[in-house]
Each structure stands twice: as C-alpha cells, then as structure tokens.
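A.B. asks: Structure below; questions to follow.
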Amino acid sequence: MLLFVPLFIWSQQDTTLFEEVTIKGNHLKVDQHTTLSEKDIQQLAPHDLGTLLQYVNGVTIKNYGGIGGMKTLSHRGLGGEHTQLVIDGIPLNDPQNGQSNLGNIQPNNLQEVKVSHQNANALVPVSSLIKGSAIHLKTFDQKFSPHLLSIRSSVILGSFGQKEAFIALKNGGQKSFLSLTGSLRTYEGNYPYQLNYGNELKTTYRRNNSLNDYHFSFGGGYKWRHNSTHHVLKLSAKTSGIDQELPGAVIYYNDMAQESLKTNNSSAGINYSLLSKKFSLKAFGQYAHRFLHYHDPTFLNEEGFIDNQYTTHSTIGGIHLRYQFKDFIFHAGNDMAYDVLMSSRDLGNPTRLTNTAMLKLKYQMKYLSAEVSVFNQSFLDKNSIQDHRNDYHKFHPQLALFTSDKLFSNLQLFAWFKPSSRAPSFNELYYSQVGNKALSPEESSQIDLGFKYYKTIKRFDVQVNGNLFKNEVKNKILALPTQNLFVWSIQNIGKVDILGGDLHLATQFNINKEWNINLQVGASYQKAIDISDENAPTYKHQIAYTPSLTGNATFSATYKKIGLHLAGLFIGERYSLNENIQSNRLDPYITFDVSANYSFNIQQKHSLKLHAGIKNVGNSAYSFIRYYVMPGRNYFIKLSYEFN
Amino acid sequence: MNSIKYILVALVFLTACKKEEAEPLPEGGYSKGILVLNEGLFQLNNSSLSWIDLETEDVRQNLFLNTNNRPLGDTGNDMIVYGNKIYITVTGSSTVEILDKSSLKSIKQIPFNYNGQAQEPRNITTHQGKVFVSSFDGYVSAIDTSSLQITKRIKVGRNPEGVCISNNSLFVANSGGLDNGNPDTTVFEIDLSSLVVVDTFVVGANPGSICADDYNNVYVVKRGDYGANPSEVVRINTVDKSVVNLGIPATSLTMIDHQLYISHYDYNTSSSAVAIYNCSDQTMQNPSFINNQDISTLYGVSPYQSNQLICFDAMNFTNSGYLRFYNSSGQLTNSINVGLNPNSIIHYE
C-alpha cells in the first residue's frame with residue numbers, strides 16, 4: 001500500500017536520482033512532492049489518473065463520472081490550469097482547454113506518479129517548475145531494463161460492461177531498450193444511480209455513457225558513456241483513440257441526451273540527458289496532434305445537429321542545465337511551445353507561442369539550503385480573424401529555504417514562495433460568443449510553510465508531513481452569463497484568497513517476513529474565498545466546487561502471497577455556485593473501496609496475480625459536480641501476468 | 001481503520017444535518033401573496049417557485065418541490081395564470097407543468113418530446129380556452145385547457161420564443177437563437193380560427209420578447225447580435241402591416257394598460273433601465289423610470305397592484321435574485337430575496 005512511499009526512501013543523504021545515475025550529497029532530499037509507486041497504483045486499481053490522484057493530499061479531483069467521465073484537478077484552491085502534467089519528462093499541454101482531462105490517462109503502464117510543488121535539483125522541464133504544481137508520470141515504456149524481455153499484461157472485467165486488456169513488452173539490455181504497449185477498453189456505463197425526488201429516491205440508469213478506447217505506444221532508448229560523462233537518449237511515439245458517448249448532467253424529466261465525442265491523440269517525442277560530475281543537461285522535444293470531434297444529433301438549430309471538429313498541433317522543446325560549483329548549484333533552462341488550433345467553427349486559427357525561461361541558484365550551507373530563482377513567462381497570441389491583446393511578459397521570482405539534517409535529524413522544515421501565471425485557453429479566448437480575446441493571464445501565488453518528520457523504530461517506519469499554505473489568485477478567469485442565461489462570457493474578474501493546511505501520516509510495519517502492514521491517513525483543509533468584490537453577495541464565500549475539508553486513508557496488509565487493501569475518501573461539503581446558500585450546497589460524501597489479491601508464483605521471474613475488489617462498498621449515492629452522478633457499488637476482477 | 005471510518009462518518013453527519021425543513025401548505029390555499037418563478041441556471045435542475053407572503057413578507061423557497069414532492073426541473077422560462085390554473089414552461093426538462101392555482105399541486109406534467117427529442121418549451125400565451133406554447137424545435141403547440149391535451153402543433157420559424165395575442169391572431173417571435181451568427185429575423189402571424197400562418201414580418205435579428213397593445217400594434221425586441229447590431233424595440237402595425245424600429249434599447253417588454261414598460265440591461269456598462277412608452281399617442285413617456293443604482297442585473301418587469309412595478313434583479317445571474325418594488329414615481333420601496341434568476345410572478349390578491 002503506502003502511498004507516498006518514496007518519502008521513506010529519502011534518508012540521511014541527498015539522493016537526486018537522475019535516470020539511472022545518482023548524485024549524493026549531505027542534505028535531506030528537498031523536493032516537495034508526494035509519490036505513488038507502481039505498487040500503490042496496483043493496489044488502488046484506479047480507472048484512470050484522475051481517480052488515482054484523489055489519494056494525494058491537497059488535490060481535489062472535479063469528477064464528472066465513472067469510466068470516461070471528465071476529471072480535472074484543483075490543487076490547494078488553484079484551478080487545473082495551474083498544474084502541469086509531465087509524462088516521462090515531457091510536458092503535455094492542452095491549449096484548447098487549458099488543462100488535461102485526467103480521465104483520459106490510463107494507469108496500466110504507470111510505474112510512478114509524483115505530485116510535486118517545489119523541485120530543488122531534478123532536471124525537469126522548466127515549464128513544470130513555474131506552474132503551481134506538477135504531476136510527473138513515469139511509464140514502463142520509457143524505462144531502461146537489463147532484461148532481454150519484460151512483460152506486463154492484464155485483463156480486467158468490471159461492473160457495467162467494463163472490459164480491458166493491456167499488454168506491454170520490452171526488450172532491454174545494458175545499453176538500450178525497445179518497448180511496445182497496447183491496451184483496449186470497452187465500457188457500457190449503464191450504472192444505476194439514485195435521484196432525489198423530494199422525500200423519495202428513485203433509481204434510474206445512466207444512459208448514453210458508453211466508451212471504447214485504445215492506446216498504443218512505442219519506446220526506445222540508448223545510453224552510452226564517454227569517460228565519466230553519461231548520455232541517455234530516448235524516443236517515444238504514442239497514439240490513442242477514445243470514442244465515447246457523453247451523458248451530460250442528469251436533467252430531470254429529460255433523459256434524451258445523444259451527444260458523443262471522439263478523441264484522437266498522437267505524439268512523438270525525444271529526450272536527451274547528459275550527466276557528469278559537475279555538469280548535467282536535459283533536453284527534450286515533442287510534437288503532439290490532438291483531434292476532437294463533438295457531435296450532437298438533436299440540437300435544435302437550423303441543421304438539426306451540431307458537428308464540431310477541432311485539431312490542435314502542439315510543438316514543445318526545452319533544455320535544462322545544472323552546474324555544481326562547491327556549495328553552489330546553478331540551474332538555467334528554457335521551454336518553448338508553439339500551439340495551433342484549427343476547427344470547423346468560426347474560432348479563426350489561434351496560435352500561441354509560450355516561452356518559459358529560468359535561472360536558479362541554490363546554496364547549501366551547513367544547516368540550511370536556500371534557493372533563489374527567477375522565471376520569465378511569455379505568451380504571444382495571434383489569431384487570423386481578430387485583433388489581439390498585447391503580448392504578455394512577466395517575471396516571477398521564487399524563493400525556497402530548507403533545513404538540513406545537521407540542524408534537526410529526522411526533521412526537515414521548509415518554506416517557499418511561488419508565483420505563477422497561466423494563459424487563458426483557446427476556448428476562453430475565442431469560443432463563439434463566450435470567448436473574450438481581451439483576457440489577461442490568471443496570476444497565482446503560493447506561500448508554503450511545512451515540515452517532514454521521519455523515524456524508524458526497529459521494523460516500524462513512520463512519516464508525518466504537514467503544510468500551511470496561503471495562496472492567492474488574481475485576474476481569475478471566470479465564465480458568467482452576461483446578456484441573459486444563454487449568453488455567457490468569460491472575464492478576468494475574480495480574486496480568490498486561499499488559506500489552508502494539510503497533514504499526512506504514513507506508517508509501515510514490517511512485522512516479520514510474512515506480515516507487512518501499511519497505513520496512511522491524510523486530511524486537508526482549505527478556505528478558498530471569493531474576494532473579488534466586497535459588495536457582491538458572494539464576498540468571502542467559499543468558491544464553487546472547492547470542498548474546505550477532504551480526507552483520505554488507505555490501509556493494506558499483506559501476508560505471504562495474499563494482500564488486503566482498503567481505501568477511503570472523504571469529500572466535504574461544497575457549493576455548485578459561489579453563493580454559499582442551502583440551495584447551492586452539495587452534501588459531503590465518503591466512499592470506501594476494498595480489494596484483495598493473491599499472487600501465484602509460477603517460476604521465479606514469472607508472476608501471475610489475481611486481484612478482485614469492490615468499489616464504493618457502502619453504495620454511497622454521490623456526485624462531486626451537481627447532477628454528474630457517480631456509480632454506486634461496483635466490482636472488478638483483474639488477472640495480471642508479469643515477467644521480469 | 002475503523003476509528004478513522006467513524007471519524008469520517010461523524011464528519012458527514014455533522015455537516016449533513018443543516019438541511020432545510022419542508023414547510024406545510026397553508027389552510028384554504030394560497031392567497032395574499034406573490035408566486036415567483038425562478039429560472040435557475042442551465043443544467044443545474046434548480047428552477048424553483050418562491051412564495052412571498054405579503055402580510056408578513058416571509059419568503060418560502062422551493063415551493064414546487066415541497067408541494068409536489070418532486071423538483072420543477074431545469075430552466076423554468078415562463079409562467080402564466082389562466083383561470084384557476086398555472087402553466088409553466090420548463091425548457092431544460094422539456095416539460096409544461098400545469099398547477100392548481102390555489103394549492104400549487106401539479107395537475108399534469110406534459111412532456112414536450114417529439115420523436116424522442118426534447119422540444120424545449122419557451123413561452124406561453126392564452127386565448128379562449130387554449131394555451132399556446134412556443135418551443136425551440138420550431139413549433140407552437142395549442143393545449144386545450146379542459147382536456148389538458150396538445151390539440152395542434154403549428155410549424156413556425158426557428159427557435160420561437162415570445163408569443164402574444166392581438167385581435168384574432170397569434171404573433172410568434174422566431175429567434176433562431178440557436179444558430180450562432182445566423183439568427184432568424186421574423187415574426188409570424190397565425191390566424192386563431194384556422195391556426196395557420198397567415199403573415200410574416202421581418203423585424204431584425206434574433207426576435208425575443210413580444211407583446212401587443214389595444215391599438216393594433218405588436219412590439220417585439222430584436223436582440224441583434226450582442227455586438228454592433230443593438231437590442232431594440234420594433235413595432236409591427238397589424239393593420240397596415242408596417243414594421244418600424246423605434247430605436248429604443250430593450251431586453252424585454254411588459255404591457256401595463258396603455259403603457260409599454262421596456263426593461264433594458266446593458267451588459268457592457270452593467271446598467272439597468274426601465275423606460276415607459278405610451279402606446280396610445282406613441283410617445284416616450286419616461287425614458288428612465290428607475291434609478292439604475294438600485295438594480296444589479298435587470299431581468300424583467302411586472303406590473304404590481306394598480307400603480308406599482310416589480311423589477312426582477314438577477315444579481316449577475318449566478319446569485320439568488322431579488323424582487324425590487326417601485327412606487328408610481330419610480331422610487332424603490334422594498335426588496336425581497338427570492339431564488340436564482342426570477343423571471344415571472346403571479347400576484348394573489
């Protein structure tokens with residue numbers, strides 16, 4: 001079990017893992033992150049990345065449905081646009097929507113998921129360092145392996161017509177690897193839900209909710225050494241297709257939705273790393289093609305339907321250098337992205353050039369390490385059909401302080417300040433009638449004070465982690481009806497003040513060779529209030545869909561080849577609109593998942609595992625977003641086979 | 001693990017116990033009050049009825065839910081009283097609700113579906129035992145008020161909205177509002193004896209609110225394109241068939257005796273205004289009847305008692321709205337908080 005396992009790994013030495021090469025220093029690992037390992041991911045058996053990230057403290061997933069349902073992230077009161085998704089070292093952007101749908105990212109090949117706030121030493125893309133937070137994914141596809149052949153495969157059957165098959169093959173060696181993965185999934189999605197009719201709950205079935213998807217990827221890597229300098233080169237190519245029906249919000253008396261969405265994503269990327277004793281470098285490049293096809297056959301316009309197609313071309317490249325001189329570490333980096341959107345709608349052909357530049361200096365003293373960095377963010381927008389707002393350039397300083405283990409053993413204190421801007425998405429700028437080309441980027445700032453405590457007493461490990469944070473969002477981009485209820489517009493009018501804290505406890509107890517117990521509990525509180533206009537009725541009200549209290553707990557016990565896993569999630573009350581009145585309030589909910597697995601060992605390197613479980617054991621009728629109903633109790637069974 | 005579970009369960013109960021209690025119905029039915037239809041917001045199923053007791057000024061929210069033990073639905077767009085029944089068009093839910101005026105109990109819910117597609121009913125008018133309902137699928141349906149059945153579907157233009165009666169004709173504003181950039185521009189005249197379209201008037205882009213005076217005129221708001229083409233009042237003379245743009249900025253219209261109350265919310269300046277146009281001599285009686293400082297988002301006006309006015313304040317459309325009461329000289333006398341986006345009222349004497 002044990003989410004956040006890697007935090008146990010940081011020890012008395014600073015181990016900055018750079019691919020397969022390790023630098024050692026005398027400081028505690030100062031990266032501020034929480035990590036889910038491959039084992040955690042398997043034990044939670046999530047449908048997608050969004051479901052998985054619910055178990056990271058401080059992350060709120062805005063969940064629009066079960067399998068296939070859109071899932072977006074909000075971290076410490078900042079919108080999903082303030083979080084950068086990085087897959088195998090390459091940032092993934094969706095300039096059309098401004099944030100990634102985490103419901104479209106499958107966990108099959110994930111080996112590590114890391115949510116990071118403050119990266120001290122790692123050579124990650126600088127565009128992920130400027131963002132409020134970053135999610136780093138590492139996949140089986142892009143990892144070197146010494147084995148000639150490795151296999152990961154699984155078959156899943158689940159409630160409501162869920163059928164999944166996944167296979168990944170890797171040919172490894174001392175210097176190179178080639179990988180090939182593929183997955184197929186179908187889902188009917190006709191789950192029952194309960195709808196409140198005054199004093200009565202009526203059971204209805206979700207319809208127009210089916211999904212078919214496929215994901216294929218190819219990876220390759222080569223590494224070589226020249227004197228004491230290591231070089232690593234990796235290539236990847238991916239394609240996926242998702243064909244889904246969109247059930248939309250449940251509307252009373254009108255269950256006639258027939259909308260559908262097809263998504264095709266393809267990308268090709270290259271990643272190069274160089275590491276020597278003093279100097280290191282990482283460079284990457286990626287081209288991504290994204291195609292969306294929305295169809296509504298019942299829309300009441302002249303044609304009698306809506307059929308919209310959107311194609312986004314995104315190209316991104318970046319470099320990040322690190323040089324160590326005595327107790328100083330210098331970083332410099334730059335990411336540049338160019339995005340183009342083409343569509344069958346009258347949005348014009350918007351383009352954006354995004355540039356992020358960074359200079360950073362870290363100084364390691366005996367008791368303290370300090371980090372000062374300065375970022376420059378630029379957004380240069382153009383569109384063939386309209387005049388445009390001015391180019392945007394902004395300098396953001398960042399500061400971080402960490403204590404070393406020489407000051408307190410087993411305890412680290414830290415403080416950091418992090419401002420950032422996020423550009424308006426193409427939809428926010430140009431979407432017909434709604435869009436507003438005069439929008440400015442939304443600006444956020446975060447101040448964090450925190451601690452980490454780690455102790456091992458014989459076979460018992462404990463870690464406690466806590467933060468207090470004070471964040472602010474200015475020029476918040478909000479969609480509001482303007483002329484009437486059907487004419488919305490997007491405006492830079494919001495200002496949000498966020499004050500909160502989180503506490504996380506993780507324990508691991510290795511009782512003996514056969515018994516092992518893990519428990520982790522996290523709770524997070526955030527008061528995220530609207531301070532846009534002191535005369536507005538929503539002044540100092542908690543902003544929409546931001547629960548002030550969330551909590552999660554996971555427990556696992558393994559005995560020999562058997563494992564038992566429990567996971568619980570609490571989402572506190574929230575409001576569907578910014579006005580905190582009873583009619584906008586959504587009830588808190590708790591869900592519990594329980595599962596068990598048994599491992600058959602055929603031979604030493606072969607592993608066959610059966611995993612079965614019940615999700616939402618309590619059959620809780622809930623929705624995070626009002627009227628986007630979630631499934632009740634449901635079941636899954638998973639058979640997986642691994643070699644090497 | 002168990003103790004954690006109990007703590008979390010306890011948290012749920014602590015926070016879940018703040019629920020509102022349903023209130024009992026008054027003895028002898030509703031009287032001396034104002035019934036308010038709150039449109040709610042699209043896709044939130046939160047259209048509701050509020051009741052204002054005029055003696056105590058107490059407001060009861062969610063009256064439909066508490067009376068009928070089911071919600072009204074999504075986007076209640078229009079409400080009228082005819083005889084002892086109330087008719088409500090619920091656009092998102094695609095239903096017409098028929099209520100008993102005295103008890104507010106639902107007599108019938110008419111699903112507005114045709115061939116498995118939602119028709120999305122919009123506006124209502126009445127004439128001689130018939131209720132006429134426009135729906136976004138391009139039809140006006142006639143409902144017989146005794147059988148409560150749809151007796152006739154009349155094909156009109158695209159996405160019809162406002163409907164009104166003048167002499168023996170039904171006028172329908174065809175908005176075409178769901179065709180972005182290509183709205184309809186016409187008002188259809190339907191003969192009430194034959195129920196066929198007998199005339200077409202081109203009034204300008206995206207016609208919406210419509211009403212008739214006693215002098216053979218029909219007034220309609222052509223909403224333009226929310227940009228260079230402004231939202232203005234257009235007058236149709238039903239006798240000489242002339243169409244004249246009066247050039248008066250408007251979002252919705254209400255006829256009170258011989259006076260046309262023109263409400264206008266300018267979203268560029270966030271200012272609200274009510275103008276009074278005298279229909280008998282076709283002059284602007286008062287271009288600025290109320291002080292726009294009193295209202296944040298004017299969403300319509302309604303006559304109240306003999307010489308008062310109620311303005312609907314939608315409070316930026318996302319906050320619970322207010323009814324703002326004005327006396328005959330245009331001074332604010334009272335404000336009452338109701339539900340989300342109030343758009344129609346019925347005054348119970």
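Letters for chains follow the order of the structure tokens (A, B, ...), residue numbers begin at 1 for each chain, and ligand numbers begin at 1 in the order shown.
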Residues of chain A within 6 Å of chain B, counting only C-alpha atoms - could you list those as a list of chain:residue names?

C.D. replies: A:Tyr197, A:Gly198, A:Tyr252, A:Tyr253, A:Asn254, A:Leu300, A:Asn301, A:Gln483, A:Glu579, A:Pro588

A.B. asks: Okay, now the selection with N, CA and C atoms, as a compact mmCIF listing (two decimals), in the first residue's frame?

C.D. replies:
```txt
# COMPACT_ATOMS: atom_id res chain seq x y z
N TYR A 197 -36.15 12.80 -5.41
CA TYR A 197 -37.44 13.45 -5.71
C TYR A 197 -38.06 13.82 -4.37
N GLY A 198 -37.64 14.94 -3.82
CA GLY A 198 -38.18 15.35 -2.53
C GLY A 198 -37.84 14.32 -1.47
N TYR A 252 -33.65 16.51 -14.88
CA TYR A 252 -34.95 15.95 -14.50
C TYR A 252 -35.89 15.94 -15.70
N TYR A 253 -36.57 14.82 -15.90
CA TYR A 253 -37.63 14.63 -16.91
C TYR A 253 -37.10 14.64 -18.34
N ASN A 254 -35.81 14.82 -18.53
CA ASN A 254 -35.28 14.91 -19.89
C ASN A 254 -34.01 14.06 -19.96
N LEU A 300 -31.28 21.88 -31.59
CA LEU A 300 -32.44 22.49 -32.26
C LEU A 300 -32.06 23.72 -33.09
N ASN A 301 -30.97 23.62 -33.84
CA ASN A 301 -30.62 24.69 -34.76
C ASN A 301 -31.18 24.37 -36.15
N GLN A 483 -25.51 38.77 -20.97
CA GLN A 483 -26.72 39.36 -21.53
C GLN A 483 -27.96 38.65 -21.01
N GLU A 579 -22.21 31.41 -4.46
CA GLU A 579 -23.03 31.85 -3.34
C GLU A 579 -23.26 30.67 -2.40
N PRO A 588 -21.56 16.36 1.78
CA PRO A 588 -20.29 15.64 1.83
C PRO A 588 -20.52 14.16 1.52
```

A.B. asks: One number please: CA of Thr554 (chain A) to CA of Ala567 (chain A), in Å, one decimal.

C.D. replies: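 So the two atoms, CA of Thr554 (chain A) and CA of Ala567 (chain A), lie 4.3 Å apart.
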
A.B. asks: Select, from B:Asn206, B:Asn167, B:Ser344, B:Ser242, the residue with the minimum atom-to-atom distance to Ser47 (chain B), counting only C-alpha atoms.

C.D. replies: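 That would be B:Ser344, the residue with the smallest distance to Ser47 (chain B).
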
A.B. asks: Kindly indicate which residue among A:Ser154, A:Gln508, A:Ser532, A:Asn584 lies nearest to Thr558 (chain A), using only C-alpha atoms for the distances.

C.D. replies: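 Closest candidate: A:Gln508.
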
A.B. asks: What parts of region 88-243 of chain B does DSSP call strand (DSSP E)? I'd like the answer as a PyMOL selection string.

C.D. replies: chain B and resi 88-90+95-100+106-111+113-114+117-118+121-127+130-135+139-144+150-155+160-166+169-174+186-191+196-202+207-212+217-222+232-237+243

A.B. asks: Would you work out the distance separating CA of Ser146 (chain B) from CA of Ile80 (chain B), expressed in Å to one decimal?

C.D. replies: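 Result for CA of Ser146 (chain B) versus CA of Ile80 (chain B): 16.2 Å, one decimal.
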
A.B. asks: Just give me the gap between CA of Pro107 (chain A) and CA of Ser266 (chain A) in Å, one decimal is fine.

C.D. replies: 17.8 Å

A.B. asks: May I have the residues within 9 Å of Tyr304 (chain B) as a compact mmCIF listing (two decimals) with N, CA and C atoms, in the first residue's frame, using only C-alpha atoms and disregarding those fewer than 4 positions away in the same chain?

C.D. replies:
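Everything below was put into part_14.txt:
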```txt
# COMPACT_ATOMS: atom_id res chain seq x y z
N GLN B 308 -47.97 50.22 -9.25
CA GLN B 308 -46.61 49.90 -8.83
C GLN B 308 -45.95 48.95 -9.83
N LEU B 309 -44.68 48.76 -9.58
CA LEU B 309 -43.91 47.97 -10.51
C LEU B 309 -42.97 47.06 -9.72
N ILE B 310 -42.81 45.84 -10.22
CA ILE B 310 -41.80 44.96 -9.63
C ILE B 310 -40.73 44.70 -10.68
N PHE B 325 -39.38 46.41 -5.56
CA PHE B 325 -40.69 47.05 -5.68
C PHE B 325 -40.50 48.56 -5.85
N TYR B 326 -41.23 49.12 -6.83
CA TYR B 326 -41.16 50.56 -7.10
C TYR B 326 -42.54 51.16 -7.02
N HIS B 347 -49.49 37.54 -8.96
CA HIS B 347 -49.92 38.21 -7.74
C HIS B 347 -51.25 37.61 -7.29
```

A.B. asks: Check region 374-482 of chain A with DSSP on the backbone and list each residue it calls alpha helix (DSSP H), as a PyMOL selection string.

C.D. replies: chain A and resi 426-430

A.B. asks: Those selected residues, please, written with N, CA and C atoms and delivered as an mmCIF file, in the first residue's frame.

C.D. replies:
```
data_model
loop_
_atom_site.group_PDB
_atom_site.id
_atom_site.type_symbol
_atom_site.label_atom_id
_atom_site.label_comp_id
_atom_site.auth_asym_id
_atom_site.auth_seq_id
_atom_site.Cartn_x
_atom_site.Cartn_y
_atom_site.Cartn_z
ATOM 1 N N PHE A 426 -7.503 28.558 -25.398
ATOM 2 C CA PHE A 426 -8.094 28.991 -26.663
ATOM 3 C C PHE A 426 -9.619 29.063 -26.554
ATOM 4 N N ASN A 427 -10.215 28.142 -25.830
ATOM 5 C CA ASN A 427 -11.672 28.221 -25.647
ATOM 6 C C ASN A 427 -12.060 29.493 -24.914
ATOM 7 N N GLU A 428 -11.323 29.821 -23.879
ATOM 8 C CA GLU A 428 -11.648 31.021 -23.108
ATOM 9 C C GLU A 428 -11.479 32.279 -23.946
ATOM 10 N N LEU A 429 -10.525 32.253 -24.867
ATOM 11 C CA LEU A 429 -10.276 33.441 -25.681
ATOM 12 C C LEU A 429 -11.238 33.562 -26.860
ATOM 13 N N TYR A 430 -11.545 32.430 -27.491
ATOM 14 C CA TYR A 430 -12.181 32.542 -28.808
ATOM 15 C C TYR A 430 -13.515 31.855 -28.964
#
```

A.B. asks: If we count only C-alpha atoms and set the cut-off at 12 Å, which residues sit around Thr546 (chain A), ignoring sequence neighbours fewer than 6 positions away in its own chain? Please answer as a ChimeraX atom specification.

C.D. replies: /A:58-62,73-79,496,498,524-530,571-578,580,585-586,588,624-625

A.B. asks: Could you name the residues that touch Ile511 (chain A) at 12 Å or less, counting only C-alpha atoms, but leaving out those on the same chain fewer than 2 positions away, as a compact mmCIF listing (two decimals) with C-alpha atoms, in the first residue's frame?

C.D. replies:
```
# COMPACT_ATOMS: atom_id res chain seq x y z
CA ILE A 457 11.91 2.25 15.20
CA LYS A 458 13.01 -1.28 14.53
CA ARG A 459 10.55 -2.57 11.97
CA PHE A 460 8.24 0.34 12.24
CA ASP A 461 8.53 3.34 9.93
CA GLN A 508 4.78 0.94 7.60
CA PHE A 509 5.16 -2.02 9.89
CA LYS A 513 8.93 -11.91 6.82
CA GLU A 514 5.34 -12.85 6.18
CA TRP A 515 3.39 -9.94 7.57
CA ASN A 516 3.54 -6.37 6.41
CA ILE A 517 1.15 -3.56 7.26
CA ASN A 518 0.85 -0.09 5.78
CA ALA A 557 -1.97 -5.80 4.94
CA THR A 558 0.00 -8.47 3.16
CA TYR A 559 0.53 -11.96 4.40
CA LYS A 560 2.70 -14.16 2.25
```
